[in-house]
file protein-v5.cif (mmCIF, C-alpha atoms)
data_run
loop_
_atom_site.label_atom_id
_atom_site.label_comp_id
_atom_site.auth_asym_id
_atom_site.auth_seq_id
_atom_site.Cartn_x
_atom_site.Cartn_y
_atom_site.Cartn_z
CA ARG M 167 149.57 31.20 33.84
CA ARG M 168 150.67 33.15 36.93
CA LEU M 169 148.26 35.95 36.01
CA ALA M 170 145.44 33.46 35.53
CA ARG M 171 146.06 31.93 38.96
CA ARG M 172 146.15 35.41 40.50
CA ASP M 173 142.89 36.36 38.78
CA ARG M 174 141.17 33.24 40.09
CA ALA M 175 142.40 33.95 43.63
CA GLU M 176 141.10 37.50 43.49
CA LEU M 177 137.75 36.28 42.14
CA LEU M 178 137.40 33.88 45.06
CA LEU M 179 138.19 36.75 47.42
CA GLU M 180 135.41 38.83 45.88
CA GLU M 181 132.99 35.92 46.17
CA ARG M 182 133.73 35.60 49.89
CA ILE M 183 132.82 39.27 50.28
CA GLU M 184 129.58 38.91 48.34
CA ARG M 185 128.34 35.63 49.78
CA PRO M 186 127.46 36.92 53.31
CA GLN M 187 125.26 39.58 51.67
CA GLU M 188 123.65 36.96 49.42
CA ARG M 189 122.89 34.70 52.40
CA HIS M 190 121.51 37.69 54.28
CA GLN M 191 119.09 38.52 51.47
CA ALA M 192 118.20 34.86 50.82
CA ALA M 193 117.03 34.59 54.44
CA GLY M 194 114.44 37.27 53.72
CA ALA M 195 116.26 40.22 55.31
CA PRO M 196 116.14 43.52 53.41
CA SER M 197 119.27 44.71 51.66
CA ARG M 198 121.22 47.42 53.50
CA VAL M 199 122.37 49.09 50.29
CA GLY M 200 119.27 51.21 49.97
CA ARG M 201 119.76 52.58 53.47
CA CYS M 202 123.45 53.33 53.02
CA LEU M 203 123.48 54.90 49.57
CA PRO M 204 121.17 57.05 47.47
CA ALA M 205 119.06 54.66 45.41
CA GLY M 206 121.09 53.03 42.68
CA ASP M 207 123.97 55.52 42.80
CA ALA M 208 126.73 53.09 43.70
CA MET M 209 125.52 50.36 41.34
CA ALA M 210 125.09 52.74 38.43
CA ALA M 211 128.49 54.31 39.03
CA ALA M 212 130.18 50.93 39.38
CA THR M 213 128.81 49.74 36.06
CA SER M 214 129.48 52.96 34.17
CA PHE M 215 133.04 51.97 33.27
CA ALA M 216 133.09 50.66 29.70
CA PRO M 217 134.24 47.01 29.48
CA GLY M 218 137.54 46.54 27.74
CA ARG M 219 138.50 50.19 28.20
CA PRO M 220 141.23 51.14 30.71
CA ILE M 221 139.98 53.16 33.64
CA ALA M 222 141.53 56.63 33.67
CA PHE M 223 142.99 57.55 37.05
CA ASP M 224 140.86 60.65 37.62
CA GLU M 225 137.71 58.74 36.70
CA GLY M 226 138.49 55.78 38.97
CA TRP M 227 139.78 57.83 41.88
CA SER M 228 136.77 60.14 41.77
CA HIS M 229 134.47 57.14 42.08
CA VAL M 230 136.47 55.48 44.85
CA ARG M 231 136.75 58.72 46.78
CA GLN M 232 133.05 59.56 46.52
CA HIS M 233 131.48 56.14 47.02
CA GLY M 234 134.19 54.70 49.27
CA VAL M 235 136.01 57.27 51.40
CA GLU M 236 133.44 60.06 51.53
CA ALA M 237 130.49 57.70 51.91
CA ALA M 238 132.18 55.93 54.83
CA LEU M 239 133.20 59.21 56.43
CA SER M 240 129.68 60.60 56.16
CA ARG M 241 128.10 57.55 57.76
CA LEU M 242 130.57 57.57 60.64
CA GLU M 243 129.18 60.90 61.79
CA SER M 244 125.70 59.46 62.28
CA LEU M 245 126.37 55.85 63.27
CA PRO M 246 126.59 54.90 66.97
CA LYS M 247 129.90 53.47 68.11
CA SER M 248 128.46 49.95 68.28
CA ALA M 249 127.61 50.06 64.55
CA ARG M 250 131.00 51.20 63.26
CA GLY M 251 132.25 47.68 62.57
CA ARG M 252 130.77 47.62 59.06
CA ILE M 253 130.33 51.02 57.45
CA LEU M 254 130.17 49.79 53.87
CA THR M 255 128.08 46.80 52.87
CA PRO M 256 129.79 43.69 51.43
CA GLU M 257 128.25 44.53 48.05
CA GLU M 258 129.64 48.06 48.08
CA THR M 259 133.06 46.82 49.16
CA SER M 260 133.05 44.23 46.38
CA GLN M 261 132.12 46.82 43.74
CA LEU M 262 134.82 49.21 44.89
CA TYR M 263 137.35 46.40 45.08
CA THR M 264 136.59 45.43 41.47
CA ILE M 265 137.35 48.97 40.33
CA THR M 266 140.56 49.38 42.34
CA TYR M 267 141.71 45.93 41.27
CA GLN M 268 141.30 46.86 37.62
CA MET M 269 143.08 50.19 38.19
CA CYS M 270 146.04 48.32 39.70
CA THR M 271 146.28 45.52 37.12
CA GLN M 272 145.88 47.45 33.87
CA ALA M 273 148.85 47.38 31.52
CA THR M 274 151.33 50.25 31.59
CA PRO M 275 150.83 53.20 31.20
CA PHE M 276 147.40 52.71 32.82
CA ASN M 277 148.56 50.86 35.92
CA TRP M 278 147.65 53.19 38.80
CA SER M 279 148.88 51.18 41.82
CA GLY M 280 151.39 53.77 43.01
CA LYS M 281 149.22 56.75 42.21
CA LEU M 282 146.22 55.21 44.00
CA TYR M 283 148.34 54.29 47.03
CA TYR M 284 149.64 57.83 47.49
CA ALA M 285 146.25 59.36 46.71
CA ILE M 286 144.65 57.44 49.57
CA LEU M 287 147.51 58.39 51.91
CA ASP M 288 147.03 62.07 51.02
CA GLU M 289 143.29 61.68 51.60
CA LEU M 290 143.80 60.16 55.06
CA GLN M 291 146.21 62.92 56.01
CA ASP M 292 143.79 65.57 54.78
CA ILE M 293 140.92 64.04 56.78
CA CYS M 294 143.07 63.98 59.93
CA GLU M 295 144.30 67.54 59.51
CA ARG M 296 141.15 69.20 58.17
CA ILE M 297 138.36 67.34 59.97
CA VAL M 298 139.61 65.42 63.01
CA GLU M 299 142.28 67.65 64.56
CA PRO M 300 140.04 70.75 64.85
CA LYS M 301 137.59 68.69 66.91
CA LEU M 302 140.27 67.91 69.49
CA ALA M 303 141.55 71.47 69.39
CA LYS M 304 138.07 72.75 70.28
CA ALA M 305 137.39 70.16 72.99
CA SER M 306 137.59 71.29 76.61
CA ASP M 307 140.30 69.83 78.80
CA ALA M 308 137.67 67.90 80.77
CA ASN M 309 136.28 66.30 77.60
CA LEU M 310 139.53 65.93 75.68
CA LEU M 311 140.19 62.23 76.39
CA HIS M 312 136.60 61.31 75.50
CA LYS M 313 136.93 63.19 72.21
CA LEU M 314 140.26 61.47 71.47
CA ILE M 315 138.71 58.05 72.08
CA ASP M 316 135.71 58.79 69.87
CA GLU M 317 137.76 60.18 66.98
CA TRP M 318 140.24 57.30 67.17
CA SER M 319 137.33 54.85 67.00
CA LYS M 320 136.04 56.58 63.86
CA HIS M 321 139.50 56.69 62.33
CA THR M 322 140.13 52.97 62.82
CA ALA M 323 136.67 52.16 61.43
CA LEU M 324 137.36 54.32 58.36
CA THR M 325 140.74 52.65 57.87
CA LYS M 326 139.11 49.21 58.03
CA ALA M 327 136.49 50.20 55.47
CA ILE M 328 139.11 51.61 53.08
CA GLY M 329 141.33 48.59 53.55
CA GLY M 330 138.46 46.36 52.50
CA PHE M 331 138.44 47.64 48.93
CA LEU M 332 142.16 48.37 48.66
CA ARG M 333 143.41 44.93 49.73
CA TYR M 334 145.09 44.35 46.39
CA ILE M 335 147.41 47.32 46.96
CA ASP M 336 148.41 46.04 50.40
CA ARG M 337 148.90 42.46 49.26
CA PHE M 338 150.92 43.11 46.13
CA TYR M 339 152.09 46.70 45.59
CA VAL M 340 152.94 47.51 49.24
CA SER M 341 154.53 44.16 50.01
CA ARG M 342 156.60 44.19 46.82
CA LEU M 343 158.05 47.64 47.50
CA ALA M 344 158.22 47.25 51.31
CA LEU M 345 156.06 50.34 51.88
CA LEU M 346 153.90 51.12 54.88
CA THR M 347 150.68 49.14 54.85
CA LEU M 348 147.52 51.22 54.56
CA LYS M 349 146.78 50.53 58.23
CA ALA M 350 150.26 51.63 59.33
CA ALA M 351 150.11 54.71 57.11
CA SER M 352 146.70 55.57 58.56
CA VAL M 353 148.04 55.31 62.11
CA LYS M 354 150.96 57.54 61.16
CA ALA M 355 148.57 60.12 59.70
CA PHE M 356 146.60 60.19 62.96
CA HIS M 357 149.83 60.50 64.96
CA ASP M 358 151.26 63.30 62.83
CA PHE M 359 148.15 65.39 62.22
CA VAL M 360 145.88 64.70 65.22
CA TYR M 361 147.87 63.36 68.15
CA SER M 362 151.06 65.43 67.87
CA PRO M 363 149.41 68.90 67.76
CA ASN M 364 147.46 68.01 70.93
CA LYS M 365 150.07 65.86 72.67
CA SER M 366 150.80 68.12 75.64
CA ARG M 367 147.10 68.65 76.39
CA LEU M 368 146.36 64.93 76.11
CA THR M 369 149.19 64.05 78.48
CA ALA M 370 148.13 66.73 80.96
CA ALA M 371 144.52 65.51 80.88
CA PHE M 372 145.58 61.93 81.52
CA VAL M 373 147.93 62.83 84.38
CA LYS M 374 145.27 65.05 85.94
CA GLN M 375 142.74 62.22 85.93
CA VAL M 376 145.27 59.88 87.55
CA ARG M 377 145.86 62.41 90.34
CA SER M 378 142.11 62.72 90.80
CA ASP M 379 141.84 58.93 91.01
CA ARG M 380 144.54 58.89 93.69
CA ILE M 381 142.76 61.49 95.79
CA SER M 382 139.32 59.90 95.38
CA PRO M 383 139.14 56.53 93.58
CA GLY M 384 137.16 56.91 90.37
CA SER M 385 134.37 54.83 88.90
CA GLU M 386 134.83 51.97 86.46
CA ASP M 387 133.72 54.31 83.65
CA GLN M 388 136.55 56.69 84.52
CA HIS M 389 139.02 53.82 84.60
CA GLN M 390 137.72 52.64 81.22
CA THR M 391 138.35 56.11 79.79
CA LEU M 392 141.94 56.00 81.03
CA ARG M 393 142.36 52.45 79.68
CA SER M 394 141.12 53.45 76.23
CA ALA M 395 143.30 56.58 76.19
CA LYS M 396 146.33 54.53 77.23
CA ASP M 397 145.69 52.12 74.36
CA ILE M 398 145.72 55.05 71.93
CA PHE M 399 149.03 56.38 73.32
CA ILE M 400 150.42 52.92 72.57
CA ALA M 401 148.74 52.48 69.18
CA VAL M 402 149.93 55.76 67.65
CA GLY M 403 153.51 54.65 68.27
CA GLY M 404 153.13 51.90 65.70
CA GLU M 405 153.01 48.13 66.00
CA ASP M 406 155.08 46.47 68.73
CA SER M 407 156.41 49.78 70.04
CA LEU M 408 155.92 51.56 73.36
CA HIS M 409 158.18 54.53 72.67
CA VAL M 410 155.38 57.10 72.30
CA TYR M 411 153.58 55.79 75.39
CA GLU M 412 156.78 55.78 77.45
CA GLU M 413 158.08 59.17 76.32
CA ASP M 414 154.84 61.13 76.09
CA LEU M 415 152.84 59.60 78.94
CA VAL M 416 154.91 57.53 81.35
CA GLN M 417 157.70 60.06 81.93
CA PRO M 418 155.32 62.96 82.76
CA LEU M 419 153.25 60.58 84.89
CA LEU M 420 156.31 59.51 86.88
CA GLN M 421 157.26 63.15 87.46
CA ALA M 422 153.75 63.94 88.68
CA THR M 423 153.80 60.81 90.86
CA GLU M 424 157.04 61.92 92.49
CA VAL M 425 155.49 65.27 93.42
CA TYR M 426 152.29 63.68 94.71
CA MET M 427 154.05 61.03 96.83
CA LYS M 428 156.33 63.66 98.34
CA GLU M 429 153.26 65.65 99.39
CA LEU M 430 151.66 62.54 100.88
CA ALA M 431 154.78 61.59 102.83
CA GLU M 432 155.18 65.06 104.37
CA GLN M 433 151.51 65.13 105.35
CA TRP M 434 151.52 61.64 106.86
CA ILE M 435 154.70 62.18 108.88
CA LYS M 436 153.15 65.18 110.60
CA ASN M 437 149.98 63.33 111.58
CA SER M 438 150.95 59.66 112.03
CA THR M 439 152.81 57.32 114.31
CA CYS M 440 155.42 55.01 112.82
CA SER M 441 152.93 52.14 112.55
CA GLN M 442 150.23 54.34 111.06
CA TYR M 443 152.67 55.69 108.51
CA LEU M 444 153.77 52.22 107.48
CA TYR M 445 150.17 51.04 107.12
CA LYS M 446 149.42 54.03 104.88
CA VAL M 447 152.50 53.35 102.76
CA ARG M 448 151.51 49.72 102.25
CA ALA M 449 147.99 50.73 101.26
CA GLN M 450 149.32 53.31 98.78
CA LEU M 451 151.73 50.86 97.18
CA ASN M 452 148.92 48.33 96.79
CA ALA M 453 146.75 51.04 95.21
CA GLU M 454 149.49 51.95 92.72
CA ASP M 455 149.97 48.31 91.84
CA ALA M 456 146.22 48.00 91.18
CA ARG M 457 146.37 51.20 89.12
CA VAL M 458 148.80 49.55 86.71
CA ASP M 459 146.48 46.56 86.39
CA SER M 460 143.49 48.82 85.76
CA TYR M 461 144.65 51.36 83.19
CA LEU M 462 148.42 51.38 82.64
CA HIS M 463 150.68 49.09 80.65
CA PRO M 464 152.31 46.32 82.75
CA ASP M 465 155.78 47.57 81.81
CA THR M 466 155.02 50.73 83.81
CA ARG M 467 154.79 48.84 87.11
CA VAL M 468 158.45 48.69 88.13
CA ALA M 469 159.22 52.35 87.41
CA LEU M 470 156.02 53.57 89.08
CA LEU M 471 156.51 51.57 92.28
CA ARG M 472 160.16 52.58 92.43
CA VAL M 473 159.21 56.27 92.46
CA CYS M 474 156.59 55.64 95.16
CA GLU M 475 158.97 53.66 97.34
CA ARG M 476 161.69 56.28 97.03
CA GLN M 477 159.43 59.14 98.08
CA LEU M 478 157.42 57.29 100.72
CA ILE M 479 160.16 55.13 102.26
CA SER M 480 163.75 55.89 101.29
CA GLU M 481 163.52 59.68 101.68
CA HIS M 482 161.97 59.43 105.15
CA LEU M 483 163.39 56.18 106.51
CA ASN M 484 165.41 57.61 109.41
CA THR M 485 162.61 59.95 110.44
CA VAL M 486 160.03 57.17 110.53
CA LEU M 487 162.22 54.63 112.30
CA ASN M 488 163.20 57.12 115.01
CA MET M 489 159.78 58.55 115.77
CA PRO M 490 159.44 59.11 119.52
CA LYS M 491 157.19 56.55 121.26
CA SER M 492 156.39 54.77 117.99
CA GLY M 493 159.61 54.18 116.09
CA CYS M 494 161.51 50.95 115.54
CA LYS M 495 163.06 50.86 119.04
CA TRP M 496 159.68 51.46 120.71
CA LEU M 497 158.02 48.73 118.58
CA LEU M 498 160.72 46.24 119.61
CA GLN M 499 160.43 47.13 123.25
CA ASN M 500 156.65 46.69 123.17
CA ASP M 501 156.60 43.47 121.11
CA LYS M 502 154.65 45.01 118.23
CA GLU M 503 155.47 42.16 115.85
CA GLU M 504 152.71 42.84 113.32
CA ASP M 505 153.74 46.49 113.05
CA LEU M 506 157.40 45.52 112.74
CA LYS M 507 156.54 43.33 109.74
CA LEU M 508 155.50 46.48 107.90
CA MET M 509 159.14 47.51 107.79
CA PHE M 510 159.73 44.67 105.34
CA LEU M 511 157.25 45.76 102.65
#

call {"tool": "encode", "arguments": {"input": "protein-v5.cif", "output": "C-alpha cells"}}
result
Amino acid sequence: RRLARRDRAELLLEERIERPQERHQAAGAPSRVGRCLPAGDAMAAATSFAPGRPIAFDEGWSHVRQHGVEAALSRLESLPKSARGRILTPEETSQLYTITYQMCTQATPFNWSGKLYYAILDELQDICERIVEPKLAKASDANLLHKLIDEWSKHTALTKAIGGFLRYIDRFYVSRLALLTLKAASVKAFHDFVYSPNKSRLTAAFVKQVRSDRISPGSEDQHQTLRSAKDIFIAVGGEDSLHVYEEDLVQPLLQATEVYMKELAEQWIKNSTCSQYLYKVRAQLNAEDARVDSYLHPDTRVALLRVCERQLISEHLNTVLNMPKSGCKWLLQNDKEEDLKLMFL
C-alpha cells in the first residue's frame, strides 16, 4: 500500500510537469521540443525501453546523459542569459524523470539509485574540471569576474535542469542516507574544480576593482559586477555559510583597505588643514559605508569601517588635533563649532 501511495504521488508530480506544456500547446503555441531536440530523437529514445523489462544501468545512464546532461549543456552555450531558466522542456523533463524513476525503483539487483547518484556527481565534476575551469584559466584579469559570473550562471542553470529529472533521488535516496543534495554537490564541484584553482586571481581582481572604485567611483554596471561576484564567493561556501567569503575575499580586502587608507591619510595631512582633513575623513567613511550597501555583505561593515577609522583617525589623531593654525585649540579659540563637531564622527 505504501508503494501504491508513492506511485500515485510520483504520477501527480509528472502530471504537474506535463500540464504547462499541454496548456501551452492547447493555446495554439508551437511545441518547443522540435527546436530543442533533433526531430523525434528524445521521444523515440524514451519509448525504446521495453515495458516490463528492467532498465540496465548502462542503457539508462547513456540515455539520461545524452538527452539530459549533454543536451542541456549544449543549449547553454547558445542560449542568452535571459533564456537559461528553462533549458529542457517540461515534456523532456517528464520523459527523463520517468526513466530515472524506474531506474531507482526497480527491484534489487536492478535498483540503480546509488549508482545513478554517483554517476551524476562524477559528470558534474568532469564538466567543471574539463569544460568550465579552462575558460576561467584563459580569461584575462580584466575579464575574469565577468567570466566567473557567466559560467556560474550556466552551472546553476544546468544544475536546475538536472535536478528536474532527478528529483526522486533527492527526495528519497539522498534524504534517507543523509547525503549531499544534488544542488549542494553541484556547488561543491564548482568550488573544488573551478573556484579553487582560480581563487587567488579572483580575489585579486575583486580587490583591484574596489580600489579603482575608491579612486574614481564606478558605474552601476561595475557595481553590479562586484555584487554578482560577491554573491558567488558566498554561494560556493555552501548554504548559510560565509566562511569562504570571509576568508578568501574579506581578509584580503581589509588588508588592501588598510594600505589604501594609510596612503590617503599621509597625502591629506600634507595638504589639508585640520578641518579639511576631518571633512575628507567623514566623506570617506560615508563612501565606505555606501560601498558595503552596494556590493559587499552587511557583515563586512563593522570590520571595514574599523580599519578605515584606525588608519584615518587613530593613527594620526595627535597630528591632526595639533596642526598649527587649524588644530583643536585654534578651532576653539575661533569658535569653529561646525568644524569641531567633526571630531565626534

call {"tool": "residues_around", "arguments": {"input": "protein-v5.cif", "residues": "Gln477 of chain M", "least_positions_apart": "5", "cutoff": "8 Å", "atoms": "only C-alpha atoms", "output": "count of residues only"}}
result
5

call {"tool": "closest_residue", "arguments": {"input": "protein-v5.cif", "among": "M:Phe331, M:Tyr339, M:Tyr263, M:Phe356", "to": "Arg296 of chain M", "atoms": "only C-alpha atoms"}}
result
M:Phe356

call {"tool": "atom_distance", "arguments": {"input": "protein-v5.cif", "atom1": "atom CA of Gln442 of chain M", "atom2": "atom CA of Glu481 of chain M"}}
result
17.1 Å

call {"tool": "closest_residue", "arguments": {"input": "protein-v5.cif", "among": "M:Leu332, M:Ile479, M:Leu314, M:Gln272", "to": "Thr259 of chain M", "atoms": "all atoms listed in the file"}}
result
M:Leu332

call {"tool": "residues_near_point", "arguments": {"input": "protein-v5.cif", "point": "(149.8, 65.2, 70.9)", "cutoff": "12 Å", "atoms": "only C-alpha atoms", "output": "number ranges by chain"}}
result
M: 299, 302-303, 310-311, 314, 356-372, 398-399, 402-403, 410-411, 413-415

call {"tool": "closest_atom_pairs", "arguments": {"input": "protein-v5.cif", "of": "segment 213-265 of chain M", "to": "segment 279-282 of chain M", "cutoff": "10 Å", "atoms": "all atoms listed in the file", "output": "JSON lines"}}
result
{"residue": "M:Phe223", "atom": "CA", "partner": "M:Leu282", "partner_atom": "CA", "distance": 8.0}
{"residue": "M:Asp224", "atom": "CA", "partner": "M:Leu282", "partner_atom": "CA", "distance": 10.0}
{"residue": "M:Gly226", "atom": "CA", "partner": "M:Leu282", "partner_atom": "CA", "distance": 9.2}
{"residue": "M:Trp227", "atom": "CA", "partner": "M:Leu282", "partner_atom": "CA", "distance": 7.3}
{"residue": "M:Val230", "atom": "CA", "partner": "M:Leu282", "partner_atom": "CA", "distance": 9.8}

call {"tool": "resolve_selection", "arguments": {"input": "protein-v5.cif", "expression": "the PyMOL selection byres ((chain M and resi 455-460) around 10)", "output": "ChimeraX atom specification"}}
result
/M:376,379-380,386,389-390,392-393,449-454,461-468,470-471

call {"tool": "resolve_selection", "arguments": {"input": "protein-v5.cif", "expression": "the PyMOL selection byres ((chain M and resi 325) around 12)", "output": "PyMOL selection string"}}
result
chain M and resi 234-235+238-239+242+250-254+286-287+289-291+293-294+318-324+326-333+347-356

call {"tool": "atom_distance", "arguments": {"input": "protein-v5.cif", "atom1": "atom CA of Leu343 of chain M", "atom2": "atom CA of Ile265 of chain M"}}
result
21.9 Å

call {"tool": "decode", "arguments": {"input": "protein-v5.cif", "residues": "segment 244-269 of chain M", "atoms": "N, CA and C atoms", "output": "compact mmCIF listing (two decimals), in the first residue's frame"}}
result
# COMPACT_ATOMS: atom_id res chain seq x y z
N SER M 244 24.55 28.31 -26.40
CA SER M 244 23.95 29.18 -27.42
C SER M 244 22.83 30.06 -26.89
N LEU M 245 22.27 29.71 -25.73
CA LEU M 245 21.17 30.49 -25.19
C LEU M 245 21.66 31.77 -24.53
N PRO M 246 20.93 32.88 -24.69
CA PRO M 246 21.27 34.09 -23.93
C PRO M 246 20.97 33.88 -22.46
N LYS M 247 21.57 34.68 -21.62
CA LYS M 247 21.41 34.52 -20.17
C LYS M 247 19.96 34.58 -19.75
N SER M 248 19.17 35.42 -20.40
CA SER M 248 17.77 35.59 -20.03
C SER M 248 16.92 34.35 -20.31
N ALA M 249 17.44 33.43 -21.15
CA ALA M 249 16.68 32.24 -21.53
C ALA M 249 17.16 30.98 -20.84
N ARG M 250 18.01 31.12 -19.84
CA ARG M 250 18.59 29.95 -19.18
C ARG M 250 17.69 29.35 -18.11
N GLY M 251 16.55 29.97 -17.85
CA GLY M 251 15.68 29.48 -16.78
C GLY M 251 15.07 28.13 -17.08
N ARG M 252 14.86 27.83 -18.36
CA ARG M 252 14.27 26.54 -18.74
C ARG M 252 15.02 26.01 -19.96
N ILE M 253 15.99 25.15 -19.71
CA ILE M 253 16.80 24.61 -20.79
C ILE M 253 16.09 23.43 -21.44
N LEU M 254 15.52 22.58 -20.62
CA LEU M 254 14.76 21.43 -21.12
C LEU M 254 13.28 21.75 -21.05
N THR M 255 12.53 21.25 -22.00
CA THR M 255 11.09 21.48 -21.98
C THR M 255 10.44 20.61 -20.89
N PRO M 256 9.23 20.97 -20.45
CA PRO M 256 8.54 20.12 -19.47
C PRO M 256 8.35 18.69 -19.97
N GLU M 257 8.11 18.53 -21.27
CA GLU M 257 7.94 17.17 -21.82
C GLU M 257 9.23 16.38 -21.72
N GLU M 258 10.34 17.01 -22.07
CA GLU M 258 11.63 16.31 -21.97
C GLU M 258 11.94 15.94 -20.53
N THR M 259 11.71 16.89 -19.62
CA THR M 259 11.97 16.62 -18.21
C THR M 259 11.12 15.47 -17.71
N SER M 260 9.87 15.43 -18.11
CA SER M 260 8.96 14.36 -17.70
C SER M 260 9.43 13.00 -18.22
N GLN M 261 9.86 12.96 -19.48
CA GLN M 261 10.34 11.71 -20.06
C GLN M 261 11.58 11.20 -19.34
N LEU M 262 12.50 12.11 -19.08
CA LEU M 262 13.74 11.73 -18.38
C LEU M 262 13.44 11.32 -16.94
N TYR M 263 12.51 12.02 -16.32
CA TYR M 263 12.13 11.67 -14.95
C TYR M 263 11.55 10.25 -14.90
N THR M 264 10.72 9.91 -15.87
CA THR M 264 10.12 8.57 -15.91
C THR M 264 11.19 7.49 -15.95
N ILE M 265 12.23 7.73 -16.74
CA ILE M 265 13.31 6.75 -16.86
C ILE M 265 14.11 6.65 -15.57
N THR M 266 14.50 7.80 -15.00
CA THR M 266 15.30 7.76 -13.77
C THR M 266 14.48 7.21 -12.61
N TYR M 267 13.19 7.51 -12.60
CA TYR M 267 12.33 6.96 -11.56
C TYR M 267 12.31 5.43 -11.63
N GLN M 268 12.16 4.90 -12.83
CA GLN M 268 12.15 3.44 -12.98
C GLN M 268 13.50 2.85 -12.57
N MET M 269 14.60 3.53 -12.96
CA MET M 269 15.93 3.02 -12.60
C MET M 269 16.13 2.96 -11.09
